[in-house]
$ cat structure_7.cif   # mmCIF, C-alpha atoms
data_entry
loop_
_atom_site.group_PDB
_atom_site.id
_atom_site.type_symbol
_atom_site.label_atom_id
_atom_site.label_comp_id
_atom_site.auth_asym_id
_atom_site.auth_seq_id
_atom_site.Cartn_x
_atom_site.Cartn_y
_atom_site.Cartn_z
ATOM 1 C CA MET A 1 175.441 70.461 141.130
ATOM 2 C CA ASP A 2 177.530 67.382 140.634
ATOM 3 C CA GLY A 3 181.268 67.677 140.078
ATOM 4 C CA ARG A 4 183.495 70.685 139.660
ATOM 5 C CA ILE A 5 182.075 74.202 139.834
ATOM 6 C CA ASP A 6 183.312 75.582 136.548
ATOM 7 C CA LYS A 7 182.074 77.362 133.429
ATOM 8 C CA ASP A 8 180.070 74.320 132.260
ATOM 9 C CA MET A 9 178.323 73.942 135.608
ATOM 10 C CA VAL A 10 177.404 77.636 135.670
ATOM 11 C CA GLU A 11 175.989 77.359 132.153
ATOM 12 C CA ARG A 12 173.885 74.328 133.203
ATOM 13 C CA PHE A 13 172.826 76.128 136.382
ATOM 14 C CA ILE A 14 171.667 79.184 134.414
ATOM 15 C CA ILE A 15 169.369 76.921 132.385
ATOM 16 C CA PHE A 16 168.105 75.289 135.599
ATOM 17 C CA TYR A 17 167.571 78.709 137.167
ATOM 18 C CA ASN A 18 165.616 80.010 134.182
ATOM 19 C CA ASP A 19 163.362 76.934 134.299
ATOM 20 C CA HIS A 20 162.876 76.819 138.098
ATOM 21 C CA CYS A 21 163.511 80.265 139.584
ATOM 22 C CA PHE A 22 159.946 80.579 140.905
ATOM 23 C CA SER A 23 159.119 76.927 141.467
ATOM 24 C CA ASN A 24 159.474 74.736 144.497
ATOM 25 C CA CYS A 25 162.708 72.884 143.690
ATOM 26 C CA THR A 26 165.603 71.004 145.253
ATOM 27 C CA ILE A 27 169.224 71.583 144.289
ATOM 28 C CA VAL A 28 171.434 68.589 145.046
ATOM 29 C CA MET A 29 175.000 69.572 145.900
ATOM 30 C CA ASN A 30 177.702 66.960 145.403
ATOM 31 C CA THR A 31 180.739 69.022 144.502
ATOM 32 C CA VAL A 32 184.488 68.746 144.782
ATOM 33 C CA GLY A 33 184.836 72.532 144.645
ATOM 34 C CA GLY A 34 186.041 74.688 141.799
ATOM 35 C CA ASP A 35 186.258 78.304 140.747
ATOM 36 C CA THR A 36 185.505 80.985 143.353
ATOM 37 C CA TYR A 37 184.313 83.449 140.732
ATOM 38 C CA LYS A 38 181.865 80.902 139.322
ATOM 39 C CA SER A 39 180.523 80.166 142.803
ATOM 40 C CA GLU A 40 179.588 83.814 143.303
ATOM 41 C CA THR A 41 177.264 83.580 140.298
ATOM 42 C CA ILE A 42 175.598 80.457 141.696
ATOM 43 C CA ILE A 43 175.190 82.032 145.157
ATOM 44 C CA HIS A 44 173.509 85.048 143.601
ATOM 45 C CA MET A 45 171.096 82.916 141.556
ATOM 46 C CA ILE A 46 170.135 80.620 144.447
ATOM 47 C CA ASN A 47 169.476 83.663 146.636
ATOM 48 C CA GLN A 48 166.960 84.801 144.001
ATOM 49 C CA MET A 49 165.045 81.488 144.293
ATOM 50 C CA PRO A 50 162.638 81.930 147.218
ATOM 51 C CA LYS A 51 161.292 78.363 147.229
ATOM 52 C CA CYS A 52 164.400 76.249 146.746
ATOM 53 C CA THR A 53 165.980 73.690 149.060
ATOM 54 C CA LEU A 54 169.693 72.867 148.994
ATOM 55 C CA LEU A 55 170.413 69.188 149.682
ATOM 56 C CA ILE A 56 174.057 68.882 150.710
ATOM 57 C CA MET A 57 175.789 65.595 150.010
ATOM 58 C CA ALA A 58 179.363 66.818 149.493
ATOM 59 C CA ALA A 59 180.428 70.456 149.715
ATOM 60 C CA TYR A 60 184.138 70.852 149.228
ATOM 61 C CA SER A 61 185.940 74.186 148.985
ATOM 62 C CA VAL A 62 183.763 76.698 147.091
ATOM 63 C CA GLY A 63 180.891 74.222 147.347
ATOM 64 C CA LEU A 64 181.013 74.754 151.104
ATOM 65 C CA GLU A 65 181.149 78.501 150.532
ATOM 66 C CA ILE A 66 177.990 78.255 148.431
ATOM 67 C CA ALA A 67 176.246 76.174 151.108
ATOM 68 C CA ILE A 68 177.195 78.673 153.816
ATOM 69 C CA ASN A 69 176.209 81.780 151.866
ATOM 70 C CA VAL A 70 172.913 80.805 150.260
ATOM 71 C CA LYS A 71 169.747 81.907 152.006
ATOM 72 C CA CYS A 72 167.441 78.970 151.455
ATOM 73 C CA LYS A 73 166.239 75.862 153.240
ATOM 74 C CA LYS A 74 169.048 73.334 153.682
ATOM 75 C CA LEU A 75 169.037 69.580 154.123
ATOM 76 C CA LEU A 76 171.991 67.329 154.882
ATOM 77 C CA SER A 77 172.226 63.798 153.568
ATOM 78 C CA LYS A 78 173.072 61.236 156.253
ATOM 79 C CA THR A 79 176.519 60.927 154.683
ATOM 80 C CA ALA A 80 177.139 64.664 154.190
ATOM 81 C CA LYS A 81 180.743 65.774 154.112
ATOM 82 C CA GLY A 82 182.607 68.999 153.540
ATOM 83 C CA MET A 83 186.066 70.456 153.183
ATOM 84 C CA TRP A 84 187.603 73.915 153.482
ATOM 85 C CA HIS A 85 191.058 75.168 152.585
ATOM 86 C CA TYR A 86 192.842 78.183 151.216
ATOM 87 C CA GLY A 87 192.006 78.559 147.553
ATOM 88 C CA ARG A 88 194.502 78.613 144.763
ATOM 89 C CA CYS A 89 194.831 80.363 141.449
ATOM 90 C CA ASP A 90 196.555 79.335 138.257
ATOM 91 C CA THR A 91 198.754 82.055 136.795
ATOM 92 C CA SER A 92 201.479 82.339 134.208
ATOM 93 C CA VAL A 93 204.702 84.203 134.868
ATOM 94 C CA ASN A 94 207.466 85.220 132.510
ATOM 95 C CA VAL A 95 211.131 84.367 133.024
ATOM 96 C CA LYS A 96 211.502 87.509 135.147
ATOM 97 C CA GLY A 97 208.863 86.209 137.572
ATOM 98 C CA LYS A 98 206.285 88.810 136.523
ATOM 99 C CA PRO A 99 202.677 87.968 135.702
ATOM 100 C CA TYR A 100 202.525 87.126 132.001
ATOM 101 C CA TYR A 101 198.969 88.229 131.266
ATOM 102 C CA HIS A 102 197.029 91.174 132.678
ATOM 103 C CA GLU A 103 194.482 88.687 134.069
ATOM 104 C CA ASP A 104 197.281 86.975 136.011
ATOM 105 C CA GLU A 105 198.232 90.324 137.528
ATOM 106 C CA CYS A 106 194.603 90.861 138.572
ATOM 107 C CA LEU A 107 194.408 87.375 140.105
ATOM 108 C CA LEU A 108 197.550 88.009 142.135
ATOM 109 C CA ARG A 109 196.259 91.382 143.349
ATOM 110 C CA ASN A 110 193.008 89.742 144.456
ATOM 111 C CA LEU A 111 194.761 87.088 146.585
ATOM 112 C CA PRO A 112 194.690 89.146 149.837
ATOM 113 C CA ILE A 113 190.918 89.581 149.444
ATOM 114 C CA GLU A 114 190.433 85.866 148.816
ATOM 115 C CA ARG A 115 192.651 84.991 151.780
ATOM 116 C CA LYS A 116 190.603 87.208 154.122
ATOM 117 C CA SER A 117 187.401 85.657 152.827
ATOM 118 C CA ALA A 118 188.739 82.116 153.388
ATOM 119 C CA GLU A 119 189.867 83.023 156.908
ATOM 120 C CA ARG A 120 186.517 84.670 157.727
ATOM 121 C CA ILE A 121 184.678 81.456 156.815
ATOM 122 C CA ALA A 122 187.232 79.337 158.682
ATOM 123 C CA LYS A 123 186.792 81.389 161.879
ATOM 124 C CA LYS A 124 183.036 81.105 161.556
ATOM 125 C CA ILE A 125 182.868 77.298 161.250
ATOM 126 C CA MET A 126 186.036 75.730 162.683
ATOM 127 C CA THR A 127 187.086 74.476 166.065
ATOM 128 C CA GLN A 128 190.352 75.843 167.475
ATOM 129 C CA LYS A 129 192.257 72.709 166.387
ATOM 130 C CA GLU A 130 190.784 72.851 162.885
ATOM 131 C CA LEU A 131 191.612 76.550 162.647
ATOM 132 C CA LYS A 132 195.214 75.896 163.713
ATOM 133 C CA ASP A 133 195.582 73.176 161.055
ATOM 134 C CA PHE A 134 193.909 75.421 158.465
ATOM 135 C CA LYS A 135 196.385 78.222 159.165
ATOM 136 C CA GLU A 136 199.158 75.654 158.585
ATOM 137 C CA ASP A 137 197.715 75.298 155.066
ATOM 138 C CA LYS A 138 196.047 71.932 155.609
ATOM 139 C CA ASP A 139 192.762 70.876 154.047
ATOM 140 C CA ILE A 140 190.118 70.534 156.774
ATOM 141 C CA TYR A 141 187.517 67.815 156.236
ATOM 142 C CA PHE A 142 184.151 67.708 157.960
ATOM 143 C CA ASP A 143 182.214 64.491 158.502
ATOM 144 C CA TYR A 144 178.444 64.305 158.884
ATOM 145 C CA PHE A 145 178.562 65.212 162.593
ATOM 146 C CA ARG A 146 180.673 68.318 161.991
ATOM 147 C CA MET A 147 178.404 69.298 159.092
ATOM 148 C CA ARG A 148 175.450 69.115 161.510
ATOM 149 C CA GLU A 149 177.310 71.497 163.827
ATOM 150 C CA ILE A 150 178.139 73.872 160.970
ATOM 151 C CA PHE A 151 174.601 73.824 159.556
ATOM 152 C CA LEU A 152 172.564 73.886 162.752
ATOM 153 C CA GLU A 153 169.422 75.034 160.945
ATOM 154 C CA ALA A 154 169.594 72.243 158.337
ATOM 155 C CA GLY A 155 167.207 69.344 158.333
ATOM 156 C CA VAL A 156 168.368 65.794 157.713
ATOM 157 C CA MET A 157 167.210 63.853 154.695
#

$ encode --input "structure_7.cif" --output "structure tokens"
Amino acid sequence: MDGRIDKDMVERFIIFYNDHCFSNCTIVMNTVGGDTYKSETIIHMINQMPKCTLLIMAAYSVGLEIAINVKCKKLLSKTAKGMWHYGRCDTSVNVKGKPYYHEDECLLRNLPIERKSAERIAKKIMTQKELKDFKEDKDIYFDYFRMREIFLEAGVM
């Protein structure tokens, strides 16, 4: 998983999954984040792969969410890094300030759920200072040493 977690990555991951779902495989994660809804699909597929290992190089935003929520063996590269922040959504509004498309209305209604999810992960992995900065809407970056603290069970490559 290299790059943005989007429709193309999910399509490539489905092919990978179909070819390797029962084999001993390693998934290399080097992602800048992406679409929350796409990450849920990837989490589900990885959790169906009993013999896979996730090698974390960079796990930003939903990439970090994937790394936290998959139930497989994890390895950190010696330069592993991560980032967490409140997500965002792209919507269109009309001149009256109302959601333009029905999908935009759905996205806006889902924001409280996404916010709670982001805060639940933040409380689980952040120090008090990081949590304070997070609540001030700052991006929180994790170096290798913090990633080791977050992923205590992970081996090191």

$ residues_around --input "structure_7.cif" --residues "stretch 110-114 of chain A" --least-positions-apart "4" --cutoff "10 Å" --atoms "only C-alpha atoms" --output "list of chain:residue names"
A:Thr36, A:Tyr86, A:Gly87, A:Arg88, A:Cys89, A:Asp104, A:Glu105, A:Cys106, A:Ala118, A:Glu119, A:Arg120

$ closest_atom_pairs --input "structure_7.cif" --of "stretch 49-145 of chain A" --to "stretch 30-34 of chain A" --cutoff "8 Å" --atoms "only C-alpha atoms" --output "CSV"
residue,atom,partner,partner_atom,distance
A:Ile56,CA,A:Asn30,CA,6.7
A:Met57,CA,A:Asn30,CA,5.2
A:Ala58,CA,A:Asn30,CA,4.4
A:Ala59,CA,A:Thr31,CA,5.4
A:Tyr60,CA,A:Gly33,CA,4.9
A:Ser61,CA,A:Gly33,CA,4.8
A:Val62,CA,A:Gly33,CA,4.9
A:Gly63,CA,A:Gly33,CA,5.1
A:Leu64,CA,A:Gly33,CA,7.8

$ residues_near_point --input "structure_7.cif" --point "(182.0, 70.3, 157.8)" --cutoff "7 Å" --atoms "only C-alpha atoms" --output "VMD selection string"
chain A and resid 81 to 83 141 to 143 146 to 147 150

$ atom_distance --input "structure_7.cif" --atom1 "atom CA of A:Thr41" --atom2 "atom CA of A:Val10"
7.5 Å

$ atom_distance --input "structure_7.cif" --atom1 "atom CA of A:Thr79" --atom2 "atom CA of A:Gly3"
16.8 Å

$ residues_around --input "structure_7.cif" --residues "A:Asn47" --least-positions-apart "2" --cutoff "12 Å" --atoms "all atoms listed in the file" --output "list in words"
Tyr17, Cys21, Phe22, Glu40, Thr41, Ile42, Ile43, His44, Met45, Met49, Pro50, Lys51, Cys52, Thr53, Leu54, Ile66, Ala67, Ile68, Asn69, Val70, Lys71, Cys72 and Lys73 of chain A

$ resolve_selection --input "structure_7.cif" --expression "the PyMOL selection byres ((chain A and resi 154) around 6)" --output "PyMOL selection string"
chain A and resi 74-75+151-153+155

$ atom_distance --input "structure_7.cif" --atom1 "atom CA of A:Leu108" --atom2 "atom CA of A:Thr91"
8.1 Å

$ residues_near_point --input "structure_7.cif" --point "(184.2, 75.5, 133.2)" --cutoff "12 Å" --atoms "only C-alpha atoms" --output "PyMOL selection string"
chain A and resi 3-13+33-39

$ build_atoms --input "structure_7.cif" --residues "stretch 87-100 of chain A" --atoms "N, CA and C atoms" --output "PDB file, in the coordinates of the input"
ATOM      1  N   GLY A  87     192.140  78.773 148.992  1.00  0.00           N
ATOM      2  CA  GLY A  87     192.006  78.559 147.553  1.00  0.00           C
ATOM      3  C   GLY A  87     193.341  78.694 146.852  1.00  0.00           C
ATOM      4  N   ARG A  88     193.294  78.463 145.571  1.00  0.00           N
ATOM      5  CA  ARG A  88     194.502  78.613 144.763  1.00  0.00           C
ATOM      6  C   ARG A  88     194.114  79.302 143.468  1.00  0.00           C
ATOM      7  N   CYS A  89     195.095  79.802 142.771  1.00  0.00           N
ATOM      8  CA  CYS A  89     194.831  80.363 141.449  1.00  0.00           C
ATOM      9  C   CYS A  89     195.951  79.918 140.517  1.00  0.00           C
ATOM     10  N   ASP A  90     195.586  79.718 139.277  1.00  0.00           N
ATOM     11  CA  ASP A  90     196.555  79.335 138.257  1.00  0.00           C
ATOM     12  C   ASP A  90     196.963  80.585 137.497  1.00  0.00           C
ATOM     13  N   THR A  91     198.261  80.882 137.502  1.00  0.00           N
ATOM     14  CA  THR A  91     198.754  82.055 136.795  1.00  0.00           C
ATOM     15  C   THR A  91     199.973  81.673 135.976  1.00  0.00           C
ATOM     16  N   SER A  92     200.266  82.505 135.019  1.00  0.00           N
ATOM     17  CA  SER A  92     201.479  82.339 134.208  1.00  0.00           C
ATOM     18  C   SER A  92     202.424  83.490 134.534  1.00  0.00           C
ATOM     19  N   VAL A  93     203.699  83.169 134.634  1.00  0.00           N
ATOM     20  CA  VAL A  93     204.702  84.203 134.868  1.00  0.00           C
ATOM     21  C   VAL A  93     205.756  84.106 133.773  1.00  0.00           C
ATOM     22  N   ASN A  94     206.384  85.243 133.483  1.00  0.00           N
ATOM     23  CA  ASN A  94     207.466  85.220 132.510  1.00  0.00           C
ATOM     24  C   ASN A  94     208.774  84.841 133.196  1.00  0.00           C
ATOM     25  N   VAL A  95     209.856  84.799 132.449  1.00  0.00           N
ATOM     26  CA  VAL A  95     211.131  84.367 133.024  1.00  0.00           C
ATOM     27  C   VAL A  95     211.670  85.337 134.068  1.00  0.00           C
ATOM     28  N   LYS A  96     211.108  86.543 134.121  1.00  0.00           N
ATOM     29  CA  LYS A  96     211.502  87.509 135.147  1.00  0.00           C
ATOM     30  C   LYS A  96     210.649  87.373 136.404  1.00  0.00           C
ATOM     31  N   GLY A  97     209.721  86.411 136.406  1.00  0.00           N
ATOM     32  CA  GLY A  97     208.863  86.209 137.572  1.00  0.00           C
ATOM     33  C   GLY A  97     207.690  87.167 137.641  1.00  0.00           C
ATOM     34  N   LYS A  98     207.412  87.864 136.567  1.00  0.00           N
ATOM     35  CA  LYS A  98     206.285  88.810 136.523  1.00  0.00           C
ATOM     36  C   LYS A  98     205.073  88.124 135.896  1.00  0.00           C
ATOM     37  N   PRO A  99     203.884  88.528 136.317  1.00  0.00           N
ATOM     38  CA  PRO A  99     202.677  87.968 135.702  1.00  0.00           C
ATOM     39  C   PRO A  99     202.722  88.154 134.187  1.00  0.00           C
ATOM     40  N   TYR A 100     202.416  87.103 133.453  1.00  0.00           N
ATOM     41  CA  TYR A 100     202.525  87.126 132.001  1.00  0.00           C
ATOM     42  C   TYR A 100     201.363  87.871 131.354  1.00  0.00           C
TER      43      TYR A 100
END
